[in-house]
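Okay, so here's the structure we're looking at.
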Amino acid sequence: VNVARVIGQAATYPAIGMGKGAQPSRKCSAAAALAGALCRAALEDARVPSRARDDIGLYLGVCHARTELVERAIRISGELGLMDFCDPVAFVNSVASAVTGHSARAAELNGCSLVVNTGVLSGIDAVGLASLGIAGGSSGIVLAGGVESAPSPAASTPRQLRGTPALGTGGAILALAVGGAGGVHAGGVPAGDVCVRAYRTAREDAADCLAAALHAARARVEDLACIAGCGSLAREVMELLACRAAWFHTRETLGYLGGAEGAIACSVAARSLSQRQSQGRFAAVIGVSLSGATSCIILGPDPEAASHG
Amino acid sequence: MRREAEITGLGVVTTAGVGLGSLLRALRSSGAEPITSEYLSGRQFPYAALPSPWRSESGGDVTCVDVLDVCMCELVRSSGLSPAEYRDRRTAIVLGATAGRYPRWRPELPPMQVADAVAHRDFDEHSTTLEFARRWQLAGPTYTVCAACSSSASALAIGHRLLDTDQCDRVIVGAAELLSWFDVHGFRTAQLLSRTAARPYDAERDGLMLGEGGGLVLLERPGARLAFARLLGAGLNTETHDIAQPEPSGAALTRCIARALTDAGLRARDIGYVNAHGTATVANDASEAASLAQYWPSGCDTWISSTKGLTGHLRAAGGVVETIVVAAALGSGIAPHTRGCRRFDPKFSFNCVLDAPVFESLQHGLSITRGFGGANVAIVLGRGDPRRWLGARVLS
C-alpha cells in the first residue's frame, strides 16, 4: 500500500460565482492566481513553516487554464490585423506549467512542479502521482490538487458550440507528507492518514477499479464512510456498488470544474474522515471520464489518531 | 532505494531522419554547422524541420500524433513488443506536451481561431495522448505531463515512479512536437529565435532554433529484454526566479543535478557525458554554464555538449530525444559535439565538446532540460547491453 498523510488542505468552489472567475492578466492566468492562493492556504493549514518549504513539490491537475491566454493572444493579433504577431507575455504565460511556476513563486516552493492533464481525472491523478512520489521517497512534503477558472465569454464560446457545460471556478490543494515527517504537525483539518492507490482501467471496469483499489488499501466496501465522485459517469459507478456510504458527486453539486473536480472530491473525502462518525473508516474518491479512463484513490483513517483514542 | 528501470525499446524522429540509425549517423558526423533545413518569415529565422515529405495518416494536416505513430512503429520494431503487450492494461502511457494536436504550421495558414470548437478542443494537451492511445488501442493508464520544455523529461521520471511503485509492468514515455502558429510567432515576438542558427555556448549566440520531431522509449524492469540503457535516477525542481528567465547563478539547476546524482547513487566524476539543455539563448547558456562549471570544470574527464544545433529545440519532446541521444552516446561510445558553436564563449569554463565528436567508452550519462515556469529536470542513465547496439551501429 502506498501511504501518504494529508497534513493540510485548502479548497474553494464558489458554484454561485460560475462564469465570473477572477480576471486574468497577461502575466498570470486566473487559474494560476487561484492555485497560488490555495497553495499558501494549504501550507498554513498544515502549519509548515516558511523555512521548511524549500523542497516541497507541486502537482496540479489542470485542463483548461491556457485557453484564456491563448484566446487573448490570438484575438489581439486578429484585432491588429497582424497574422504574425503573438503577444509575447501572453504566450509565455499560456504554457500550462506557468500555472505551477506562478504557484511555486507565490508559495515559495522549490521542489518538483508539474501539471497533470488527464481531463476530468486530472485532480485525482495529480494527488495519486504525488503520493507515489512520497511513497518512493522522492519528496518529504508535496502539494497536490487541481484548479480551474471560468474563462471569459469569448473563450467560452467553443464549449457552448459543442454543447458542453460551462466551466466554473474552483480548486482544492492537499498537503501530503510521509508519515511522521519531522517538524510537521497535523493541520487544522484533521483529515487523517491517507493510503492511496491510484489505478486506472477501462470505463466498463470502473467498479472493478474501485474494488482493486480497496483491496490494495486492505479495506472493504463496508468500511467506506464516504465515496466522492467526479466526472460524468461516476454516479453510475456509485449506483453499481450499491453501498451505504454517504456520497458526494462534484459535477452534480458544483457543475463542471474540469481538472479541479477530482481534487475537490479528494478534499471532500478527506474532510468526511474528520467527522466523529467516520473515525476508523475509509473514504474513496473515484473519477470516470468520457474517454474511458477511471482513477480511484482510497483515503484511510489516521493510525496516530486511533492510537490517541 | 529506488529500483532501476531499463530502456528496452525506442523510436525517434528528428530532422536527421527516422530511427536510431539516422540519429547515430548524424551524431557521428563532424559537420560544424547546425542543420537548418527550413526558414520562417521570409528566410529570417531558421528551424530544424522534419524530413519531407511528411504525410498524415488521414491525408489531412500533419499533427503530433502522426509523428508519435512513426516513433511507436520504431519502438515496436526495436523492442519486439507484441500487440498483446502494448495493449495490456499493465502498460502505461506517459506523454509530455506543451500543446495539443493542432495542425502543423504553414506560412499561409492564419492563426488558429480559438473560437472554433474543434481548434479549442485540440489546444488541450491531453488530446494528443488520447488520440495516440485510440490509434494504437492502448488500454493502460494514460497520463499527460506538462512542464513546458521539460515535459517529456518529467514524464520519464513519472514513468520510472509508476514502475517503481508497481503501478504497471511497462511504460511508454515520450512526446512529439511540430511547429504551430502559436510557437512560431510566440517565440519570435518574445525575441527568443535566432536569425542565424542555434549556436549553443558560442560567444555570439543570438537565440534558439525551433525544431520538429519526437521520441518514445519503453521502460521496463531489469531483465525483461536486452536494454539500450539503464535509467538510474532523476532530479526535478523548480526555480522561482522568473517564469521565462533562468536564474543567472544557476543555483537551482545545481541543486537539481545534485538531486539526480544522489537518486542514482553516483558522484559527478562518474558521469562520462552530459547532454546539456544548451538552447543558445544568451540567458540560458550563461546560467547553465555557471552550474556545469561547478561539477565539471574545464580539463575534467566528463564531456559536455548540446545537440540542439542538430535537432533544434524540440520543446516538450526535447527531454526524451536528448535522453535517447545520451543512451546512444553510452551505447556506441561517442560524445557528440556542439554543432553550431564556432567560438566557445570565453566566460564559460566547462568541458564542452567542440568541432568534432569524441569517441570514447562511456559508462554513465546525464541529460538536462529546463522549461518555462522554472521546471528543471536531470535524468541519469547507465550503459545498456552492448549487444543491443550492434545492429544500430551497423544501420548507422
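Simple scheme: letters A, B, ... for chains in C-alpha cells order, numbers from 1 for residues in each chain, numbers from 1 for ligands in the order shown.
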What are the closest atom pairs, with distances in Å to one decimal, for all residues of chain A lying within 8 Å of chain B? Consider only C-alpha atoms, order rows by chain and residue number, and present the result as a Markdown table.
```
| residue | atom | partner | partner_atom | distance |
| --- | --- | --- | --- | --- |
| A:Asn2 | CA | B:Thr165 | CA | 7.9 |
| A:Asp55 | CA | B:Asn237 | CA | 7.8 |
| A:Gly57 | CA | B:Asn237 | CA | 7.6 |
| A:Cys63 | CA | B:Asp124 | CA | 6.9 |
| A:His64 | CA | B:Asp124 | CA | 7.1 |
| A:Thr67 | CA | B:Phe123 | CA | 7.7 |
| A:Val70 | CA | B:Val114 | CA | 7.4 |
| A:Glu71 | CA | B:Val114 | CA | 5.6 |
| A:Ile74 | CA | B:Pro111 | CA | 6.6 |
| A:Met83 | CA | B:Pro110 | CA | 6.1 |
| A:Asp84 | CA | B:His185 | CA | 5.7 |
| A:Phe85 | CA | B:His185 | CA | 5.9 |
| A:Cys86 | CA | B:Gly186 | CA | 5.1 |
| A:Asp87 | CA | B:Gly186 | CA | 6.8 |
| A:Pro88 | CA | B:Ala190 | CA | 4.7 |
| A:Val89 | CA | B:Ala190 | CA | 7.5 |
| A:Phe91 | CA | B:Gly186 | CA | 5.5 |
| A:Val92 | CA | B:Ala244 | CA | 6.8 |
| A:Asn93 | CA | B:Ile243 | CA | 7.6 |
| A:Val95 | CA | B:Ala148 | CA | 6.4 |
| A:Ala96 | CA | B:Cys146 | CA | 6.2 |
| A:Ser97 | CA | B:Ala147 | CA | 4.9 |
| A:Ala98 | CA | B:Gly373 | CA | 4.6 |
| A:Val99 | CA | B:Gly373 | CA | 7.6 |
| A:Thr100 | CA | B:Gly373 | CA | 6.8 |
| A:Gly101 | CA | B:Gly373 | CA | 4.1 |
| A:His102 | CA | B:Gly373 | CA | 7.1 |
| A:Ala104 | CA | B:Thr240 | CA | 6.6 |
| A:Arg105 | CA | B:Thr240 | CA | 5.1 |
| A:Glu108 | CA | B:Thr240 | CA | 7.4 |
| A:Leu109 | CA | B:Thr238 | CA | 7.4 |
| A:Asn110 | CA | B:Thr238 | CA | 4.8 |
| A:Gly111 | CA | B:Asn237 | CA | 4.4 |
| A:Cys112 | CA | B:Asn237 | CA | 4.0 |
| A:Ser113 | CA | B:Thr238 | CA | 6.2 |
| A:Leu114 | CA | B:Ala147 | CA | 5.2 |
| A:Val115 | CA | B:Cys146 | CA | 4.9 |
| A:Val116 | CA | B:Val145 | CA | 4.9 |
| A:Asn117 | CA | B:Thr144 | CA | 5.2 |
| A:Thr118 | CA | B:Tyr143 | CA | 5.8 |
| A:Gly119 | CA | B:His126 | CA | 6.8 |
| A:Leu129 | CA | B:Ile158 | CA | 7.7 |
| A:Leu132 | CA | B:Thr165 | CA | 6.9 |
| A:Gly133 | CA | B:Arg161 | CA | 7.0 |
| A:Ala135 | CA | B:Thr165 | CA | 7.8 |
| A:Gly136 | CA | B:Arg2 | CA | 6.9 |
| A:Ala154 | CA | B:Ala115 | CA | 7.2 |
| A:Ala155 | CA | B:Ala115 | CA | 6.6 |
| A:Thr157 | CA | B:Ala115 | CA | 6.2 |
| A:Pro158 | CA | B:Ala117 | CA | 4.2 |
| A:Arg159 | CA | B:Ala117 | CA | 6.6 |
| A:Leu161 | CA | B:Ala117 | CA | 6.3 |
| A:Arg162 | CA | B:Ala117 | CA | 6.4 |
| A:Ala198 | CA | B:Gln167 | CA | 7.9 |
| A:Tyr199 | CA | B:Gln167 | CA | 7.2 |
| A:Arg200 | CA | B:Pro141 | CA | 5.3 |
| A:Thr201 | CA | B:Gly140 | CA | 6.2 |
| A:Ala202 | CA | B:Ala139 | CA | 6.7 |
| A:Ser291 | CA | B:Leu130 | CA | 7.5 |
| A:Ala293 | CA | B:Pro141 | CA | 7.4 |
```
Identify, on the basis of only C-alpha atoms, every residue whose closest approach to Ala284 (chain A) does not exceed 6 Å; exclude the query and any residue fewer than 2 positions from it along the same chain; express the result as a short mmCIF file (atom, residue, chain, number, x, y, z; two decimals) with N, CA and C atoms, in the first residue's frame.
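Output saved as result-v3.cif:
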```
data_model
loop_
_atom_site.label_atom_id
_atom_site.label_comp_id
_atom_site.auth_asym_id
_atom_site.auth_seq_id
_atom_site.Cartn_x
_atom_site.Cartn_y
_atom_site.Cartn_z
N ILE A 227 -18.03 8.10 -0.33
CA ILE A 227 -17.49 7.99 -1.68
C ILE A 227 -17.68 9.34 -2.35
N ILE A 297 -8.82 6.58 -5.71
CA ILE A 297 -7.92 6.78 -4.57
C ILE A 297 -8.69 6.41 -3.30
N ILE A 298 -8.03 5.73 -2.41
CA ILE A 298 -8.65 5.40 -1.12
C ILE A 298 -7.98 6.23 -0.02
#
```
Best match for closeness to Gly19 (chain B) among B:Cys64, B:Leu193, B:Ile324, B:Val358, counting only C-alpha atoms:
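With only C-alpha atoms as the atom set, the closest residue is B:Ile324.
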Given only C-alpha atoms as the basis, pick out the residue of A:Cys209, A:Ile286, A:Ala126, A:Ala245 nearest to Gly61 (chain A).
A:Ala126
Write out as a PyMOL selection string all residues of region 82-301 of chain A that DSSP puts in strand (DSSP E or B) for this structure's backbone.
chain A and resi 113-116+118+120+141-148+167+170-177+193-196+202+224-230+246-249+256+282-288+293-299
Please list as a list in words every residue within 9 Å of Cys39 (chain A), counting only C-alpha atoms and excluding residues in the same chain fewer than 6 positions away.
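That gives Gln9, Ala10, Leu58, Ser103, Ala104, Ala106, Ala107, Leu143, Ala144, Ala172, Ile173, Leu174 and Ala175 of chain A.
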Could you list, as a VMD selection string, every residue within 7 Å of Leu208 (chain B), counting only C-alpha atoms and ignoring same-chain residues fewer than 3 positions away?
chain B and resid 192 to 194 198 279 to 281 313
Selection file, N, CA, C and O atoms, as a PDB file, in the first residue's frame:
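Once written, selection06.pdb looks like this:
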```
ATOM      1  N   LEU B 192      13.142  35.348 -28.909  1.00  0.00           N
ATOM      2  CA  LEU B 192      13.969  34.215 -28.473  1.00  0.00           C
ATOM      3  C   LEU B 192      14.546  33.432 -29.646  1.00  0.00           C
ATOM      4  O   LEU B 192      15.359  32.532 -29.458  1.00  0.00           O
ATOM      5  N   LEU B 193      14.113  33.765 -30.888  1.00  0.00           N
ATOM      6  CA  LEU B 193      14.588  32.997 -32.044  1.00  0.00           C
ATOM      7  C   LEU B 193      15.888  33.573 -32.599  1.00  0.00           C
ATOM      8  O   LEU B 193      16.073  34.788 -32.657  1.00  0.00           O
ATOM      9  N   SER B 194      16.747  32.665 -33.031  1.00  0.00           N
ATOM     10  CA  SER B 194      17.999  33.086 -33.663  1.00  0.00           C
ATOM     11  C   SER B 194      17.746  33.479 -35.120  1.00  0.00           C
ATOM     12  O   SER B 194      16.903  32.888 -35.794  1.00  0.00           O
ATOM     13  N   ALA B 198      21.122  27.825 -34.375  1.00  0.00           N
ATOM     14  CA  ALA B 198      21.402  27.570 -32.962  1.00  0.00           C
ATOM     15  C   ALA B 198      22.912  27.463 -32.773  1.00  0.00           C
ATOM     16  O   ALA B 198      23.557  26.622 -33.398  1.00  0.00           O
ATOM     17  N   THR B 279      20.259  25.897 -25.158  1.00  0.00           N
ATOM     18  CA  THR B 279      19.321  26.363 -26.183  1.00  0.00           C
ATOM     19  C   THR B 279      19.942  27.373 -27.130  1.00  0.00           C
ATOM     20  O   THR B 279      19.398  27.650 -28.180  1.00  0.00           O
ATOM     21  N   ALA B 280      21.039  27.983 -26.718  1.00  0.00           N
ATOM     22  CA  ALA B 280      21.716  29.046 -27.474  1.00  0.00           C
ATOM     23  C   ALA B 280      21.090  30.409 -27.242  1.00  0.00           C
ATOM     24  O   ALA B 280      21.376  31.354 -27.975  1.00  0.00           O
ATOM     25  N   THR B 281      20.223  30.542 -26.233  1.00  0.00           N
ATOM     26  CA  THR B 281      19.827  31.891 -25.827  1.00  0.00           C
ATOM     27  C   THR B 281      20.908  32.405 -24.879  1.00  0.00           C
ATOM     28  O   THR B 281      21.576  31.617 -24.198  1.00  0.00           O
ATOM     29  N   HIS B 313      15.328  23.063 -31.132  1.00  0.00           N
ATOM     30  CA  HIS B 313      14.707  22.996 -29.806  1.00  0.00           C
ATOM     31  C   HIS B 313      13.348  22.312 -29.963  1.00  0.00           C
ATOM     32  O   HIS B 313      12.444  22.862 -30.583  1.00  0.00           O
TER      33      HIS B 313
END
```
Do you have the CA of Val173 (chain B)-CA of Gly272 (chain B) distance handy?
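Separating CA of Val173 (chain B) from CA of Gly272 (chain B) is a distance of 24.4 Å.
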Which one of B:Leu354, B:Val65, B:Ala316, B:Ala327 sits closest to Leu210 (chain B) if you count only C-alpha atoms?
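Closest to Leu210 (chain B), using only C-alpha atoms: B:Ala316.
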At what distance in Å, to one decimal, does CA of Arg87 (chain B) lie from CA of Arg315 (chain B)?
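Between CA of Arg315 (chain B) and CA of Arg87 (chain B) the gap works out to 28.1 Å.
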Interatomic distance, CA of Ala229 (chain B) to CA of Ile172 (chain B) (Å, one decimal)
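Taking CA of Ala229 (chain B) as the start and CA of Ile172 (chain B) as the end point, the length is 14.7 Å.
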